[in-house]
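Q: Below is query-v7.txt; it holds compact mmCIF, C-alpha atoms.
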# COMPACT_ATOMS: atom_id res chain seq x y z
CA MET S 1 51.73 -20.24 39.41
CA ALA S 2 54.06 -22.65 41.14
CA TYR S 3 54.99 -25.92 39.52
CA SER S 4 54.89 -29.06 41.62
CA GLU S 5 58.18 -30.63 42.67
CA LYS S 6 57.75 -33.48 40.22
CA VAL S 7 57.18 -31.11 37.30
CA VAL S 8 60.28 -29.15 38.22
CA ASP S 9 62.27 -32.39 38.47
CA HIS S 10 61.17 -33.58 35.03
CA TYR S 11 61.75 -30.12 33.63
CA ASN S 12 65.27 -29.85 35.01
CA ASN S 13 66.19 -33.47 34.34
CA PRO S 14 64.02 -34.55 31.45
CA ARG S 15 64.21 -38.30 30.82
CA ASN S 16 64.70 -39.76 27.37
CA VAL S 17 65.13 -36.57 25.38
CA GLY S 18 66.10 -37.20 21.81
CA SER S 19 64.90 -38.92 18.71
CA LEU S 20 64.80 -42.30 17.02
CA SER S 21 64.96 -42.94 13.31
CA LYS S 22 61.61 -42.22 11.76
CA GLU S 23 62.42 -44.63 8.94
CA ASP S 24 62.95 -47.62 11.24
CA PRO S 25 59.95 -49.93 10.71
CA ASN S 26 59.90 -50.70 14.43
CA VAL S 27 59.71 -47.05 15.43
CA GLY S 28 56.40 -45.26 15.85
CA THR S 29 56.36 -41.48 15.79
CA GLY S 30 53.68 -39.26 17.24
CA LEU S 31 53.73 -35.53 16.60
CA VAL S 32 50.97 -33.58 18.28
CA GLY S 33 50.31 -29.97 19.15
CA ALA S 34 48.12 -27.63 21.13
CA PRO S 35 47.56 -24.58 18.96
CA GLU S 36 46.13 -22.43 21.76
CA CYS S 37 49.49 -22.28 23.48
CA GLY S 38 51.74 -23.11 20.55
CA ASP S 39 53.14 -26.30 22.07
CA VAL S 40 54.49 -29.12 19.91
CA MET S 41 55.35 -32.55 21.24
CA LYS S 42 57.11 -35.42 19.47
CA LEU S 43 57.11 -38.83 21.05
CA GLN S 44 58.78 -41.86 19.52
CA MET S 45 58.95 -45.45 20.61
CA LYS S 46 60.79 -48.49 19.41
CA ILE S 47 58.59 -51.52 19.62
CA ASN S 48 59.67 -55.15 19.52
CA PRO S 49 57.61 -56.68 16.70
CA ASP S 50 57.43 -60.10 18.37
CA THR S 51 56.75 -59.29 22.00
CA LYS S 52 55.04 -55.91 21.29
CA VAL S 53 57.06 -54.48 24.14
CA ILE S 54 58.16 -50.86 23.97
CA GLU S 55 61.90 -51.11 24.27
CA GLU S 56 62.83 -47.52 23.89
CA ALA S 57 61.06 -44.18 24.04
CA LYS S 58 62.27 -40.69 23.23
CA PHE S 59 60.63 -37.31 23.21
CA LYS S 60 61.22 -33.74 22.27
CA THR S 61 58.79 -31.07 23.33
CA PHE S 62 58.71 -27.37 22.65
CA GLY S 63 56.39 -25.91 25.19
CA CYS S 64 55.86 -25.03 28.80
CA GLY S 65 57.26 -26.88 31.80
CA SER S 66 54.12 -28.96 32.24
CA ALA S 67 54.17 -30.10 28.62
CA ILE S 68 57.82 -31.11 28.93
CA ALA S 69 57.20 -32.89 32.23
CA SER S 70 54.12 -34.69 30.86
CA SER S 71 56.00 -36.03 27.86
CA SER S 72 59.07 -36.91 29.92
CA LEU S 73 56.88 -38.87 32.31
CA ALA S 74 55.07 -40.53 29.39
CA THR S 75 58.34 -41.90 27.97
CA GLU S 76 59.25 -43.25 31.41
CA TRP S 77 55.91 -44.93 31.79
CA VAL S 78 55.69 -46.57 28.37
CA LYS S 79 59.16 -48.10 28.48
CA GLY S 80 58.93 -51.81 29.19
CA LYS S 81 55.18 -51.85 28.69
CA THR S 82 53.41 -53.66 25.89
CA VAL S 83 51.59 -51.63 23.27
CA GLU S 84 48.22 -52.50 24.82
CA GLU S 85 49.38 -51.51 28.29
CA ALA S 86 50.74 -48.22 26.99
CA LEU S 87 47.43 -47.45 25.32
CA SER S 88 45.70 -47.70 28.67
CA ILE S 89 47.66 -44.75 30.08
CA LYS S 90 45.21 -41.93 30.65
CA ASN S 91 45.90 -38.24 30.84
CA THR S 92 44.33 -38.24 34.30
CA ASP S 93 47.11 -40.57 35.49
CA ILE S 94 49.62 -37.96 34.38
CA VAL S 95 47.65 -35.15 36.02
CA ARG S 96 47.65 -37.07 39.29
CA GLU S 97 51.33 -38.01 39.18
CA LEU S 98 52.48 -34.47 38.37
CA SER S 99 49.78 -32.64 40.38
CA LEU S 100 48.98 -30.51 37.35
CA PRO S 101 46.64 -27.58 37.98
CA PRO S 102 43.44 -27.31 35.90
CA VAL S 103 44.94 -24.81 33.45
CA LYS S 104 47.65 -27.34 32.57
CA ILE S 105 45.45 -30.35 32.02
CA HIS S 106 45.71 -29.92 28.27
CA CYS S 107 49.45 -30.73 28.57
CA SER S 108 48.61 -34.17 29.91
CA VAL S 109 46.02 -34.65 27.16
CA LEU S 110 48.72 -33.83 24.67
CA ALA S 111 50.99 -36.50 26.15
CA GLU S 112 48.22 -39.10 25.98
CA ASP S 113 47.54 -38.11 22.38
CA ALA S 114 51.25 -38.42 21.59
CA ILE S 115 51.38 -41.98 22.95
CA LYS S 116 48.34 -42.92 20.86
CA ALA S 117 49.68 -41.21 17.77
CA ALA S 118 53.06 -42.95 18.08
CA ILE S 119 51.47 -46.37 18.51
CA GLY S 120 49.06 -45.60 15.68
CA ASP S 121 51.99 -44.75 13.42
CA TRP S 122 53.73 -48.00 14.35
CA LYS S 123 50.58 -50.00 13.71
CA LYS S 124 50.17 -48.32 10.35
CA LYS S 125 53.71 -49.32 9.42
CA HIS S 126 52.82 -52.90 10.28
CA GLY S 127 49.57 -52.81 8.40
CA VAL S 128 47.42 -53.08 11.51
CA ASP S 129 44.11 -51.28 11.36
CA VAL S 130 43.92 -48.51 13.88
CA PRO S 131 40.57 -48.36 15.60
CA ALA S 132 39.16 -44.85 15.80
CA SER S 133 39.39 -44.94 19.58
CA GLU S 134 43.18 -45.12 19.36
CA LYS S 135 43.57 -42.16 17.12
CA PRO S 136 44.42 -39.00 18.99
CA SER S 137 41.21 -37.53 20.25
CA HIS S 138 40.52 -33.84 20.30
CA MET T 1 24.72 -19.96 13.03
CA THR T 2 21.47 -18.15 12.75
CA ALA T 3 22.13 -15.27 15.08
CA PRO T 4 20.20 -12.25 13.91
CA LEU T 5 22.35 -9.65 12.27
CA THR T 6 20.34 -6.77 13.60
CA GLU T 7 22.22 -3.66 14.48
CA THR T 8 20.57 -3.35 17.85
CA ASN T 9 19.82 -5.65 20.72
CA PRO T 10 16.52 -7.32 21.49
CA PRO T 11 14.27 -5.12 23.58
CA GLN T 12 14.53 -5.42 27.32
CA VAL T 13 12.40 -4.15 30.18
CA CYS T 14 13.81 -1.05 31.82
CA TRP T 15 14.57 -1.62 35.50
CA ASN T 16 13.37 1.89 36.31
CA CYS T 17 10.21 2.63 34.34
CA HIS T 18 9.40 -1.02 33.45
CA GLU T 19 8.76 -0.07 29.84
CA ARG T 20 10.00 -2.31 27.06
CA THR T 21 12.80 -0.41 25.47
CA SER T 22 14.94 -1.02 22.42
CA GLY T 23 17.84 1.15 23.57
CA THR T 24 21.32 -0.34 23.83
CA HIS T 25 22.64 1.83 26.60
CA PHE T 26 19.87 4.13 27.80
CA CYS T 27 16.14 3.57 28.18
CA ALA T 28 14.25 5.16 25.32
CA SER T 29 11.37 6.03 27.65
CA CYS T 30 12.90 7.36 30.85
CA GLY T 31 16.51 7.88 29.80
CA LYS T 32 18.00 5.79 32.61
CA LEU T 33 21.16 3.81 32.10
CA LEU T 34 20.13 0.31 31.13
CA GLN T 35 21.32 -2.95 32.54
CA MET T 36 23.67 -4.95 30.36
CA PRO T 37 21.45 -7.33 28.39
CA GLN T 38 22.62 -10.94 28.72
CA ALA T 39 22.94 -11.61 25.03
CA VAL T 40 24.82 -8.50 24.08
CA ASP T 41 28.21 -8.90 22.42
CA TYR T 42 30.99 -6.41 21.79
CA PHE T 43 29.85 -5.72 18.25
CA ALA T 44 26.31 -5.00 19.40
CA LEU T 45 27.67 -2.81 22.18
CA PHE T 46 29.02 -0.51 19.50
CA GLU T 47 25.86 -1.05 17.46
CA MET T 48 27.81 -2.69 14.67
CA SER T 49 27.17 -5.86 12.69
CA ARG T 50 29.66 -8.69 13.11
CA LYS T 51 31.96 -7.48 10.39
CA LEU T 52 35.68 -7.96 10.72
CA TRP T 53 36.64 -4.86 8.83
CA ILE T 54 36.14 -2.01 11.23
CA GLU T 55 36.78 1.59 10.48
CA MET T 56 39.13 2.60 13.28
CA ASP T 57 38.30 6.30 13.45
CA GLY T 58 34.63 5.51 13.66
CA LEU T 59 35.20 2.93 16.38
CA GLU T 60 37.29 5.33 18.41
CA GLN T 61 34.74 8.10 18.10
CA LYS T 62 31.95 5.82 19.15
CA PHE T 63 34.08 4.61 22.05
CA LEU T 64 34.80 8.14 23.23
CA GLN T 65 31.14 9.12 22.97
CA LEU T 66 30.00 6.08 24.88
CA SER T 67 32.64 6.26 27.55
CA TRP T 68 31.69 9.88 28.06
CA LYS T 69 28.02 8.95 28.47
CA LEU T 70 28.63 5.92 30.66
CA HIS T 71 31.37 7.47 32.77
CA PRO T 72 30.92 7.06 36.55
CA ASP T 73 31.52 10.82 37.00
CA ASN T 74 28.09 11.42 35.49
CA PHE T 75 26.48 9.34 38.19
CA VAL T 76 28.00 10.63 41.44
CA ASN T 77 24.63 11.89 42.61
CA ALA T 78 22.62 9.00 41.20
CA THR T 79 21.33 5.97 43.08
CA GLU T 80 23.72 3.26 44.14
CA GLN T 81 22.31 0.95 41.50
CA GLU T 82 23.06 3.44 38.76
CA ARG T 83 26.52 4.13 40.09
CA GLU T 84 27.30 0.43 40.03
CA LEU T 85 25.82 0.02 36.58
CA SER T 86 27.89 2.85 35.22
CA LEU T 87 31.04 1.32 36.65
CA LYS T 88 30.26 -2.12 35.27
CA ARG T 89 29.28 -0.85 31.87
CA SER T 90 32.30 1.41 31.61
CA SER T 91 34.68 -1.42 32.33
CA GLU T 92 32.90 -3.62 29.85
CA LEU T 93 33.08 -0.89 27.25
CA ASN T 94 36.84 -0.70 27.77
CA ASP T 95 37.17 -4.46 27.30
CA ALA T 96 35.07 -4.30 24.17
CA TYR T 97 37.10 -1.47 22.70
CA ARG T 98 40.41 -3.18 23.46
CA THR T 99 39.20 -6.40 21.84
CA LEU T 100 37.73 -4.88 18.70
CA ARG T 101 40.66 -2.56 18.16
CA ASP T 102 43.05 -5.49 17.87
CA PRO T 103 42.60 -7.19 14.47
CA VAL T 104 43.59 -10.62 15.79
CA GLY T 105 41.73 -10.28 19.07
CA ARG T 106 38.68 -9.30 17.05
CA VAL T 107 38.80 -12.51 14.98
CA GLU T 108 39.29 -14.61 18.12
CA TYR T 109 36.37 -12.90 19.76
CA LEU T 110 34.12 -13.32 16.73
CA LEU T 111 34.88 -17.03 16.47
CA GLY T 112 34.19 -17.32 20.19
CA ILE T 113 30.73 -15.77 20.02
CA GLU T 114 29.92 -17.66 16.83
CA GLY T 115 30.79 -20.85 18.69
CA ALA T 116 33.60 -21.77 16.31
CA ARG T 117 36.50 -21.55 18.71
CA LYS T 118 36.52 -23.39 21.97
CA GLU T 119 39.30 -22.47 24.32
CA GLY T 120 40.64 -24.56 27.12
CA GLU T 121 40.81 -28.27 27.41
CA HIS T 122 42.24 -29.19 24.08
CA LYS T 123 39.59 -28.53 21.50
CA GLN T 124 41.82 -27.28 18.72
CA GLN T 125 43.46 -29.43 16.12
CA ALA T 126 46.55 -28.58 14.18
CA PRO T 127 47.19 -30.02 10.72
CA PRO T 128 50.19 -32.42 10.60
CA GLU T 129 52.09 -30.32 8.03
CA LEU T 130 51.91 -27.34 10.34
CA LEU T 131 53.19 -29.41 13.26
CA GLU T 132 56.08 -30.73 11.16
CA GLU T 133 57.02 -27.25 10.08
CA VAL T 134 56.76 -25.76 13.54
CA PHE T 135 58.72 -28.63 15.02
CA GLU T 136 61.54 -28.13 12.53
CA LEU T 137 61.61 -24.39 13.06
CA ASN T 138 61.77 -24.98 16.80
CA GLU T 139 64.62 -27.41 16.33
CA SER T 140 66.65 -24.92 14.35
CA LEU T 141 66.03 -22.39 17.08
CA ASP T 142 67.19 -24.96 19.60
CA GLU T 143 70.42 -25.48 17.67
CA LEU T 144 71.05 -21.78 17.78
CA ARG T 145 70.46 -21.80 21.53
CA GLU T 146 72.92 -24.61 22.01
CA ALA T 147 75.52 -22.82 19.91
CA LYS T 148 74.95 -19.76 22.03
CA ALA T 149 75.44 -21.74 25.23
CA ALA T 150 78.64 -23.20 23.81
CA ARG T 151 79.86 -19.66 23.16
CA SER T 152 80.75 -20.42 19.60
CA ASP T 153 81.28 -17.63 17.11
CA LEU T 154 78.87 -15.08 18.54
CA ALA T 155 78.88 -12.69 15.61
CA ALA T 156 77.96 -15.43 13.15
CA LEU T 157 75.37 -16.75 15.55
CA ARG T 158 73.80 -13.35 15.92
CA SER T 159 73.39 -13.01 12.21
CA ARG T 160 71.82 -16.48 12.04
CA LEU T 161 69.41 -15.56 14.79
CA GLU T 162 68.58 -12.35 13.05
CA SER T 163 67.85 -14.11 9.81
CA ALA T 164 65.72 -16.62 11.74
CA GLU T 165 63.80 -13.72 13.21
CA LYS T 166 63.33 -12.23 9.77
CA ASN T 167 62.08 -15.56 8.52
CA PHE T 168 59.57 -15.93 11.36
CA GLN T 169 58.44 -12.34 11.04
CA GLY T 170 57.92 -12.94 7.34
CA LYS T 171 55.75 -15.94 8.12
CA LEU T 172 53.81 -13.92 10.65
CA GLY T 173 53.23 -11.29 7.99
CA GLU T 174 52.00 -13.96 5.61
CA VAL T 175 49.51 -15.31 8.14
CA ASP T 176 48.30 -11.82 8.92
CA ALA T 177 47.77 -11.14 5.24
CA GLN T 178 45.85 -14.41 4.88
CA LEU T 179 43.78 -13.47 7.91
CA GLN T 180 42.90 -10.20 6.25
CA VAL T 181 41.79 -11.94 3.09
CA ALA T 182 39.67 -14.39 5.07
CA ALA T 183 38.24 -11.54 7.12
CA ARG T 184 37.12 -9.81 3.95
CA GLU T 185 35.52 -13.03 2.78
CA TRP T 186 33.72 -13.25 6.10
CA ASP T 187 32.34 -9.74 5.71
CA ALA T 188 31.17 -10.49 2.21
CA ALA T 189 29.42 -13.66 3.40
CA LEU T 190 27.91 -12.07 6.48
CA SER T 191 24.38 -12.27 5.15
CA GLY T 192 25.13 -15.34 3.04
CA ASP T 193 24.36 -18.98 3.72
CA ALA T 194 25.42 -20.80 6.85
CA ALA T 195 27.64 -23.31 5.05
CA THR T 196 29.84 -20.61 3.54
CA ARG T 197 30.08 -18.82 6.84
CA LYS T 198 31.06 -22.04 8.55
CA LYS T 199 33.75 -22.70 5.98
CA ILE T 200 35.24 -19.25 6.42
CA MET T 201 35.14 -19.61 10.19
CA ALA T 202 37.08 -22.86 9.98
CA GLN T 203 39.60 -21.11 7.80
CA LEU T 204 39.93 -18.21 10.24
CA ASN T 205 40.31 -20.68 13.06
CA GLY T 206 43.11 -22.53 11.30
CA LEU T 207 44.89 -19.28 10.58
CA LEU T 208 44.64 -18.21 14.22
CA ASN T 209 46.18 -21.52 15.26
CA ARG T 210 49.01 -21.13 12.80
CA ARG T 211 49.50 -17.60 13.98
CA SER T 212 49.83 -18.60 17.62
CA TYR T 213 52.62 -21.05 16.75
CA ILE T 214 54.51 -18.53 14.69
CA ARG T 215 53.97 -15.80 17.25
CA ASN T 216 55.67 -18.10 19.80
CA LEU T 217 58.62 -18.65 17.49
CA VAL T 218 59.05 -14.91 16.99
CA THR T 219 58.93 -14.33 20.75
CA ASN T 220 61.43 -17.10 21.40
CA VAL T 221 63.94 -15.96 18.84
CA GLN T 222 63.65 -12.41 20.10
CA LYS T 223 64.40 -13.63 23.61
CA GLU T 224 67.66 -15.11 22.32
CA LEU T 225 68.56 -11.88 20.58
CA LEU T 226 68.23 -9.72 23.69
What would the structure in this file look like if it were written as structure tokens?

A:
Amino acid sequence: MAYSEKVVDHYNNPRNVGSLSKEDPNVGTGLVGAPECGDVMKLQMKINPDTKVIEEAKFKTFGCGSAIASSSLATEWVKGKTVEEALSIKNTDIVRELSLPPVKIHCSVLAEDAIKAAIGDWKKKHGVDVPASEKPSH
Amino acid sequence: MTAPLTETNPPQVCWNCHERTSGTHFCASCGKLLQMPQAVDYFALFEMSRKLWIEMDGLEQKFLQLSWKLHPDNFVNATEQERELSLKRSSELNDAYRTLRDPVGRVEYLLGIEGARKEGEHKQQAPPELLEEVFELNESLDELREAKAARSDLAALRSRLESAEKNFQGKLGEVDAQLQVAAREWDAALSGDAATRKKIMAQLNGLLNRRSYIRNLVTNVQKELL
């Protein structure tokens, strides 16, 4: 199976690889996985408590090229967005942008789950109730 | 799950003599090779209940017997329909044997037909502790990779990789042992109540998920050791 050009680009030059301090109260961490293929994805974002803008985003993914590309793209997309805007990112947007084939759709779902999990973690730190719809869905 | 645990399949109507027959492979009335019934699963194909402990010699013998009977060579002079049937059923028999022979494949298959394991578009959940652990193990493997790329002390690195492999293999062994225990529990609960069966299936499912993560780690560390 051939990867699309955009997947290859993100795979070869992943954006925002790394990690942020889990202990930082302004950092939300999302760790999600797809057991069928053994992928794990960690996505972290640093959120300004006043403006609710995501100022920084980092990821580390152990998985296939599509999983890496999906999480790399997700960090690019969430940066500069508010929490609410970031929550509106759908896995189908990622599928479209990266031209993922049907067998790789779960990689984009994983990235969407990671965004939601990270924001959920941040909200928990700030004592905000997390509605069920924002918890990672499976 | 209320699937009947009968050893044989529900009767079907023979395509040749139109009699209702209870045979699995051949019509009890006219002896013709039967069509594959829709509901048949690999366990039923071998006329076994859905037990996870399978006696290998018995399975192999049954496989050899059946493949002999279903073999396309026996049907060279038969009608086209029978020749096709024999081909289809032989290939299915091979798939069934391959699946049931593999202890892990067998569990996966069982959970699939019991409706407890949905493949594909993200239906599985992994517990957070498992994700943490797998993430950390992956990170240590990553460090080793980086050290390898930097051409640091290769002998020391090799021994670290080898001990990582041993560690992962050990974990794989643990999961496999746990799978065996759960498989025995499944067999014991086969005719028990649905709730117990469901609980054991969830356990088996979780173990399979854990196994697939650890299996990946073993493969990855072995790649680095080549």

Q: Find the residue from S:Glu23, S:Glu76, S:Asp113, S:Glu5 that sits nearest to Glu55 in chain S; use all atoms listed in the file when measuring.

A: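 Ranked by minimum distance to Glu55 in chain S, first place goes to S:Glu76.
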
Q: Show me which bits of chain S are within 10 Å of chain T, counting only C-alpha atoms, as a short mmCIF file (atom, residue, chain, number, x, y, z; two decimals) with C-alpha atoms, keeping the file's coordinate frame.

A:
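Output (part.cif):
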data_model
loop_
_atom_site.label_atom_id
_atom_site.label_comp_id
_atom_site.auth_asym_id
_atom_site.auth_seq_id
_atom_site.Cartn_x
_atom_site.Cartn_y
_atom_site.Cartn_z
CA LEU S 31 53.73 -35.53 16.60
CA VAL S 32 50.97 -33.58 18.28
CA GLY S 33 50.31 -29.97 19.15
CA ALA S 34 48.12 -27.63 21.13
CA PRO S 35 47.56 -24.58 18.96
CA GLU S 36 46.13 -22.43 21.76
CA CYS S 37 49.49 -22.28 23.48
CA GLY S 38 51.74 -23.11 20.55
CA ASP S 39 53.14 -26.30 22.07
CA VAL S 40 54.49 -29.12 19.91
CA MET S 41 55.35 -32.55 21.24
CA LYS S 42 57.11 -35.42 19.47
CA LYS S 60 61.22 -33.74 22.27
CA THR S 61 58.79 -31.07 23.33
CA PHE S 62 58.71 -27.37 22.65
CA GLY S 63 56.39 -25.91 25.19
CA PRO S 102 43.44 -27.31 35.90
CA VAL S 103 44.94 -24.81 33.45
CA LYS S 104 47.65 -27.34 32.57
CA ILE S 105 45.45 -30.35 32.02
CA HIS S 106 45.71 -29.92 28.27
CA CYS S 107 49.45 -30.73 28.57
CA SER S 108 48.61 -34.17 29.91
CA VAL S 109 46.02 -34.65 27.16
CA LEU S 110 48.72 -33.83 24.67
CA SER S 137 41.21 -37.53 20.25
CA HIS S 138 40.52 -33.84 20.30
#

Q: Find the residues around range 144-146 of chain T up to 12 Å (only C-alpha atoms counted), leave out those fewer than 2 positions away in its own chain, and share them as a PDB file with C-alpha atoms, in the frame of the given file.

A:
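The resulting file, out06.pdb, is shown below:
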ATOM      1  CA  LEU T 137      61.610 -24.390  13.060  1.00  0.00           C
ATOM      2  CA  ASN T 138      61.770 -24.980  16.800  1.00  0.00           C
ATOM      3  CA  GLU T 139      64.620 -27.410  16.330  1.00  0.00           C
ATOM      4  CA  SER T 140      66.650 -24.920  14.350  1.00  0.00           C
ATOM      5  CA  LEU T 141      66.030 -22.390  17.080  1.00  0.00           C
ATOM      6  CA  ASP T 142      67.190 -24.960  19.600  1.00  0.00           C
ATOM      7  CA  LYS T 148      74.950 -19.760  22.030  1.00  0.00           C
ATOM      8  CA  ALA T 149      75.440 -21.740  25.230  1.00  0.00           C
ATOM      9  CA  ALA T 150      78.640 -23.200  23.810  1.00  0.00           C
ATOM     10  CA  ARG T 151      79.860 -19.660  23.160  1.00  0.00           C
ATOM     11  CA  SER T 152      80.750 -20.420  19.600  1.00  0.00           C
ATOM     12  CA  ASP T 153      81.280 -17.630  17.110  1.00  0.00           C
ATOM     13  CA  LEU T 154      78.870 -15.080  18.540  1.00  0.00           C
ATOM     14  CA  ALA T 156      77.960 -15.430  13.150  1.00  0.00           C
ATOM     15  CA  LEU T 157      75.370 -16.750  15.550  1.00  0.00           C
ATOM     16  CA  ARG T 158      73.800 -13.350  15.920  1.00  0.00           C
ATOM     17  CA  SER T 159      73.390 -13.010  12.210  1.00  0.00           C
ATOM     18  CA  ARG T 160      71.820 -16.480  12.040  1.00  0.00           C
ATOM     19  CA  LEU T 161      69.410 -15.560  14.790  1.00  0.00           C
ATOM     20  CA  GLU T 162      68.580 -12.350  13.050  1.00  0.00           C
ATOM     21  CA  SER T 163      67.850 -14.110   9.810  1.00  0.00           C
ATOM     22  CA  ALA T 164      65.720 -16.620  11.740  1.00  0.00           C
ATOM     23  CA  GLU T 165      63.800 -13.720  13.210  1.00  0.00           C
ATOM     24  CA  ASN T 220      61.430 -17.100  21.400  1.00  0.00           C
ATOM     25  CA  VAL T 221      63.940 -15.960  18.840  1.00  0.00           C
ATOM     26  CA  GLN T 222      63.650 -12.410  20.100  1.00  0.00           C
ATOM     27  CA  LYS T 223      64.400 -13.630  23.610  1.00  0.00           C
ATOM     28  CA  GLU T 224      67.660 -15.110  22.320  1.00  0.00           C
ATOM     29  CA  LEU T 225      68.560 -11.880  20.580  1.00  0.00           C
TER      30      LEU T 225
END

Q: Report, in Å to a single decimal, how far apart CA of Ala111 in chain S and CA of Ser21 in chain S are.

A: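 About the pair CA of Ser21 in chain S and CA of Ala111 in chain S: they are 20.0 Å apart.
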
Q: Compare S:Arg96, S:Lys6, S:Lys81, S:Lys90 by their minimum atom-to-atom distance to Ala57 in chain S, counting all atoms listed in the file, and give me the closest one.

A: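 Among S:Arg96, S:Lys6, S:Lys81, S:Lys90, it is S:Lys81 that comes nearest to Ala57 in chain S.
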